[in-house]
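entry-v6.cif (mmCIF, C-alpha atoms)
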data_model
#
loop_
_atom_site.label_atom_id
_atom_site.label_comp_id
_atom_site.auth_asym_id
_atom_site.auth_seq_id
_atom_site.Cartn_x
_atom_site.Cartn_y
_atom_site.Cartn_z
CA MET A 293 25.32 -23.95 23.19
CA PRO A 294 23.39 -20.81 24.07
CA LEU A 295 23.28 -19.96 27.78
CA ALA A 296 19.47 -19.82 27.62
CA MET A 297 19.39 -23.59 26.84
CA MET A 298 21.42 -24.62 29.92
CA PRO A 299 18.34 -25.00 32.20
CA GLN A 300 17.02 -27.67 29.77
CA THR A 301 20.13 -29.84 30.30
CA HIS A 302 21.30 -31.96 33.24
CA TRP A 303 24.02 -29.46 34.12
CA ARG A 304 23.83 -27.77 37.52
CA GLU A 305 25.39 -24.52 38.54
CA ALA A 306 28.14 -24.97 41.15
CA ASP A 307 30.51 -22.68 42.96
CA ARG A 308 34.28 -23.10 42.62
CA GLU A 309 34.72 -25.02 45.93
CA THR A 310 31.94 -27.54 45.18
CA PHE A 311 33.23 -28.12 41.67
CA ALA A 312 36.83 -28.60 42.90
CA ARG A 313 35.70 -31.08 45.60
CA VAL A 314 33.53 -33.13 43.19
CA TRP A 315 36.24 -33.04 40.50
CA ALA A 316 38.91 -34.23 42.96
CA ALA A 317 36.64 -37.08 44.13
CA GLU A 318 35.98 -38.18 40.56
CA LEU A 319 39.67 -37.92 39.67
CA ALA A 320 40.61 -40.05 42.71
CA GLU A 321 38.52 -42.93 41.27
CA VAL A 322 40.54 -43.04 38.04
CA PRO A 323 43.51 -45.43 38.29
CA GLU A 324 46.92 -43.85 37.73
CA PHE A 325 47.94 -46.59 35.28
CA THR A 326 46.17 -49.28 33.29
CA ASP A 327 47.63 -52.39 31.71
CA SER A 328 46.76 -53.53 28.23
CA GLU A 329 48.29 -55.96 25.81
CA ILE A 330 49.17 -54.96 22.27
CA HIS A 331 50.85 -56.93 19.51
CA ILE A 332 53.62 -55.30 17.50
CA VAL A 333 55.32 -56.75 14.44
CA ALA A 334 58.87 -55.45 14.52
CA GLY A 335 62.15 -56.03 12.76
CA LEU A 336 62.70 -56.26 9.05
CA LEU A 337 59.14 -55.73 7.78
CA LEU A 338 59.74 -55.12 4.09
CA PRO A 339 59.74 -58.84 3.10
CA ILE A 340 56.37 -59.39 4.83
CA TRP A 341 54.81 -55.95 4.31
CA LYS A 342 52.13 -57.33 1.96
CA ARG A 343 51.12 -59.94 4.56
CA LEU A 344 50.52 -57.30 7.23
CA PRO A 345 46.90 -56.26 7.74
CA ASN A 346 45.64 -53.18 5.91
CA GLU A 347 43.65 -51.95 8.89
CA SER A 348 46.39 -49.55 9.99
CA THR A 349 49.73 -48.67 8.47
CA ARG A 350 50.75 -46.51 11.41
CA VAL A 351 54.25 -47.20 12.74
CA TYR A 352 54.64 -47.23 16.52
CA ARG A 353 57.80 -46.28 18.38
CA LEU A 354 57.84 -47.70 21.91
CA GLN A 355 60.29 -47.95 24.77
CA THR A 356 60.03 -50.60 27.48
CA ASP A 357 60.64 -49.95 31.17
CA ALA A 358 64.03 -51.65 30.69
CA GLY A 359 64.97 -49.11 28.00
CA GLU A 360 64.57 -51.41 24.97
CA ARG A 361 63.28 -49.52 21.94
CA ILE A 362 60.77 -51.13 19.59
CA VAL A 363 59.64 -49.84 16.20
CA GLY A 364 56.88 -51.72 14.41
CA ARG A 365 53.27 -51.99 13.33
CA LYS A 366 50.42 -52.79 15.68
CA VAL A 367 48.42 -55.87 14.66
CA SER A 368 45.33 -57.56 16.09
CA PRO A 369 45.47 -60.73 18.21
CA ALA A 370 43.54 -62.50 15.42
CA TRP A 371 46.21 -61.59 12.88
CA VAL A 372 48.93 -62.87 15.24
CA ALA A 373 47.07 -66.16 15.69
CA SER A 374 46.71 -66.67 11.94
CA ALA A 375 50.32 -65.63 11.24
CA LEU A 376 51.70 -68.08 13.80
CA GLU A 377 49.31 -70.84 12.81
CA THR A 378 51.05 -74.18 12.37
CA GLY A 379 48.15 -76.24 13.61
CA PRO A 380 45.12 -75.47 15.72
CA SER A 381 44.97 -71.78 16.64
CA ASN A 382 45.52 -70.71 20.23
CA LEU A 383 43.40 -67.54 20.08
CA SER A 384 41.71 -67.01 23.45
CA ALA A 385 37.96 -66.46 23.67
CA ASP A 386 38.49 -62.87 24.86
CA ASP A 387 40.80 -62.09 21.92
CA ALA A 388 38.39 -63.83 19.54
CA PHE A 389 35.49 -61.77 20.88
CA THR A 390 37.48 -58.54 20.48
CA ALA A 391 38.50 -59.50 16.95
CA LEU A 392 34.92 -60.35 15.99
CA MET A 393 33.57 -57.11 17.45
CA ASP A 394 36.21 -55.23 15.46
CA GLY A 395 34.54 -56.63 12.33
CA ARG A 396 37.65 -57.55 10.35
CA THR A 397 37.92 -61.19 11.35
CA ILE A 398 36.09 -64.40 10.47
CA LEU A 399 36.52 -67.44 12.69
CA ASP A 400 36.02 -70.94 11.31
CA LEU A 401 35.20 -73.47 14.01
CA ALA A 402 35.03 -77.25 13.96
CA GLU A 403 32.07 -79.00 12.32
CA GLY A 404 31.60 -76.28 9.71
CA LEU A 405 30.62 -73.45 12.05
CA GLN A 406 31.65 -69.89 11.28
CA LEU A 407 31.54 -66.68 13.32
CA ARG A 408 31.55 -63.17 11.85
CA ARG A 409 30.27 -59.72 12.64
CA VAL A 410 27.13 -58.74 10.77
CA ARG A 411 24.78 -55.77 10.81
CA VAL A 412 21.16 -56.70 11.47
CA MET A 413 18.58 -53.92 11.54
CA GLY A 414 21.31 -51.34 12.10
CA VAL A 415 22.93 -53.17 15.03
CA GLY A 416 26.32 -54.93 14.96
CA ARG A 417 26.03 -58.58 16.00
CA ILE A 418 28.20 -61.70 16.03
CA GLU A 419 26.46 -64.34 13.92
CA LEU A 420 27.10 -68.08 14.03
CA THR A 421 26.43 -69.85 10.75
CA GLY A 422 26.71 -73.46 9.64
CA PHE A 423 24.87 -74.97 12.61
CA THR A 424 22.58 -77.97 12.21
CA ASP A 425 19.20 -78.64 13.79
CA ALA A 426 20.89 -81.03 16.21
CA MET A 427 23.20 -78.24 17.46
CA ARG A 428 20.50 -75.64 18.14
CA ASP A 429 19.49 -76.68 21.66
CA ARG A 430 23.10 -77.00 22.81
CA LEU A 431 23.98 -73.57 21.38
CA ARG A 432 20.96 -72.01 23.09
CA ALA A 433 22.04 -73.65 26.36
CA TYR A 434 25.46 -72.02 25.96
CA GLY A 435 23.75 -68.61 25.79
CA LEU A 436 23.36 -67.89 22.08
CA PHE A 437 20.08 -66.32 21.09
CA HIS A 438 18.17 -66.80 17.86
CA GLU A 439 15.83 -64.86 15.63
CA ILE A 440 13.88 -65.78 12.56
CA ILE A 441 14.74 -63.21 9.90
CA SER A 442 13.25 -63.55 6.41
CA TRP A 443 11.94 -67.03 7.32
CA LYS A 444 15.42 -68.22 8.27
CA LEU A 445 16.65 -69.11 11.76
CA ARG A 446 19.79 -67.16 12.64
CA MET A 447 21.88 -67.52 15.81
CA PHE A 448 23.92 -64.81 17.52
CA VAL A 449 26.48 -64.51 20.30
CA PRO A 450 25.50 -61.69 22.68
CA THR A 451 27.69 -58.61 22.28
CA ASP A 452 27.33 -57.49 25.89
CA ALA A 453 29.58 -58.35 28.85
CA ALA A 454 28.42 -62.00 28.78
CA GLY A 455 29.63 -62.45 25.18
CA PRO A 456 33.24 -63.57 25.85
CA ALA A 457 32.13 -66.25 28.35
CA ILE A 458 29.49 -67.58 25.95
CA LEU A 459 32.00 -67.56 23.10
CA ALA A 460 34.43 -69.50 25.32
CA LYS A 461 31.81 -72.25 25.80
CA VAL A 462 31.20 -72.45 22.06
CA MET A 463 34.94 -72.55 21.28
CA GLU A 464 35.51 -75.23 23.91
CA ARG A 465 32.94 -77.52 22.26
CA TYR A 466 33.74 -76.49 18.67
CA PRO A 467 37.48 -75.65 18.60
CA LEU A 468 38.87 -72.90 16.43
CA ALA A 469 39.98 -74.28 13.08
CA ARG A 470 41.06 -71.12 11.24
CA VAL A 471 41.28 -67.36 11.65
CA ALA A 472 40.71 -65.36 8.46
CA GLU A 473 40.76 -61.68 7.73
CA ARG A 474 37.62 -60.30 6.23
CA ALA A 475 38.23 -58.79 2.79
CA ALA A 476 37.59 -55.05 2.67
CA ALA A 477 34.38 -54.27 0.85
#

Would you mind writing the file out in structure tokens?
Amino acid sequence: MPLAMMPQTHWREADRETFARVWAAELAEVPEFTDSEIHIVAGLLLPIWKRLPNESTRVYRLQTDAGERIVGRKVSPAWVASALETGPSNLSADDAFTALMDGRTILDLAEGLQLRRVRVMGVGRIELTGFTDAMRDRLRAYGLFHEIISWKLRMFVPTDAAGPAILAKVMERYPLARVAERAAA
């Protein structure tokens, strides 16, 4: 960026002491560590290699605090739920929301409902399909919103911070029946 354009930006000139003080204050707000949960498929992978998702073939090498070493492939919570499925899935609403936002998962719910990520007018949304007229008011009460697009009523789960809680209400009333991976287009 040319120096002449700097006055047109939000940047302000600061001396070394001011910058160091502001930087230290901002750095103090960042936590030293964060916790996150990841799922790794480890062990003898060759027999199940074709069943592993195609989203990433990267191999991770990890070491636990106890010194145990793990080598395997990272997989999504949705893939874990479908791989372990022996009955109703136990995928949490938060994991389901994350999987849907990722765009590679389709969730089949009870009573013929289905959730998937779609692009509507250039924006990624989570669409609920398969609902009946009798379900509409209840789904709106849970927090879903609707739009009429091409003369058809479509319902969506919000993709903001309220999304996981709304999805939890939907999944409580219409339990998860199946987790499927979306075929690559």

TODO: Please indicate the distance in Å from atom CA of A:Leu336 to atom CA of A:Leu392, rounded to one decimal place.
DONE: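 Pair atom CA of A:Leu336 / atom CA of A:Leu392 returns 28.9 Å.
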
TODO: Please write the residues picked by the PyMOL selection byres ((chain A and resi 436) around 10) on this file as a PyMOL selection string.
DONE: chain A and resi 418-420+428-435+437-438+447-450+455+458-459+462

Matched chain/residue IDs from the PyMOL selection byres ((chain A and resi 410) around 12), as a short mmCIF file (atom, residue, chain, number, x, y, z; two decimals) with C-alpha atoms, keeping the file's coordinate frame:
data_model
loop_
_atom_site.label_atom_id
_atom_site.label_comp_id
_atom_site.auth_asym_id
_atom_site.auth_seq_id
_atom_site.Cartn_x
_atom_site.Cartn_y
_atom_site.Cartn_z
CA LEU A 392 34.92 -60.35 15.99
CA MET A 393 33.57 -57.11 17.45
CA ASP A 394 36.21 -55.23 15.46
CA GLY A 395 34.54 -56.63 12.33
CA ARG A 396 37.65 -57.55 10.35
CA THR A 397 37.92 -61.19 11.35
CA ILE A 398 36.09 -64.40 10.47
CA LEU A 407 31.54 -66.68 13.32
CA ARG A 408 31.55 -63.17 11.85
CA ARG A 409 30.27 -59.72 12.64
CA ARG A 411 24.78 -55.77 10.81
CA VAL A 412 21.16 -56.70 11.47
CA MET A 413 18.58 -53.92 11.54
CA GLY A 414 21.31 -51.34 12.10
CA VAL A 415 22.93 -53.17 15.03
CA GLY A 416 26.32 -54.93 14.96
CA ARG A 417 26.03 -58.58 16.00
CA ILE A 418 28.20 -61.70 16.03
CA GLU A 419 26.46 -64.34 13.92
CA LEU A 420 27.10 -68.08 14.03
CA THR A 421 26.43 -69.85 10.75
CA ARG A 446 19.79 -67.16 12.64
CA MET A 447 21.88 -67.52 15.81
CA PHE A 448 23.92 -64.81 17.52
CA VAL A 449 26.48 -64.51 20.30
CA THR A 451 27.69 -58.61 22.28
CA ARG A 474 37.62 -60.30 6.23
#

Target residues per the PyMOL selection byres ((chain A and resi 366) around 6), formatted as a CSV table (one decimal) with C-alpha atoms, keeping the file's coordinate frame:
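Listed below is the output, part.csv:
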chain,number,residue,atom,x,y,z
A,331,HIS,CA,50.8,-56.9,19.5
A,332,ILE,CA,53.6,-55.3,17.5
A,365,ARG,CA,53.3,-52.0,13.3
A,367,VAL,CA,48.4,-55.9,14.7

Task: Interatomic distance, atom CA of A:Asp327 to atom CA of A:Pro345 (Å, one decimal) - done: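 Separation of atom CA of A:Asp327 and atom CA of A:Pro345: 24.3 Å.
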
- [ ] To one decimal in Å, tell me the separation between atom CA of A:Asp400 and atom CA of A:Ser328.
- [x]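 Taking atom CA of A:Asp400 as the start and atom CA of A:Ser328 as the end point, the length is 26.5 Å.
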
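In terms of minimum interatomic distance to A:Leu445, A:Phe423 ranks closest within A:Tyr352, A:Phe423, A:Phe311, A:Tyr466, counting all atoms listed in the file.
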
- [ ] Choose the residue, out of A:Gly422, A:Pro294, A:Gly364, A:Gly359, that has the smallest atom-to-atom separation from A:Gly335; count all atoms listed in the file.
- [x]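 So, comparing all the options, the nearest one is A:Gly364.
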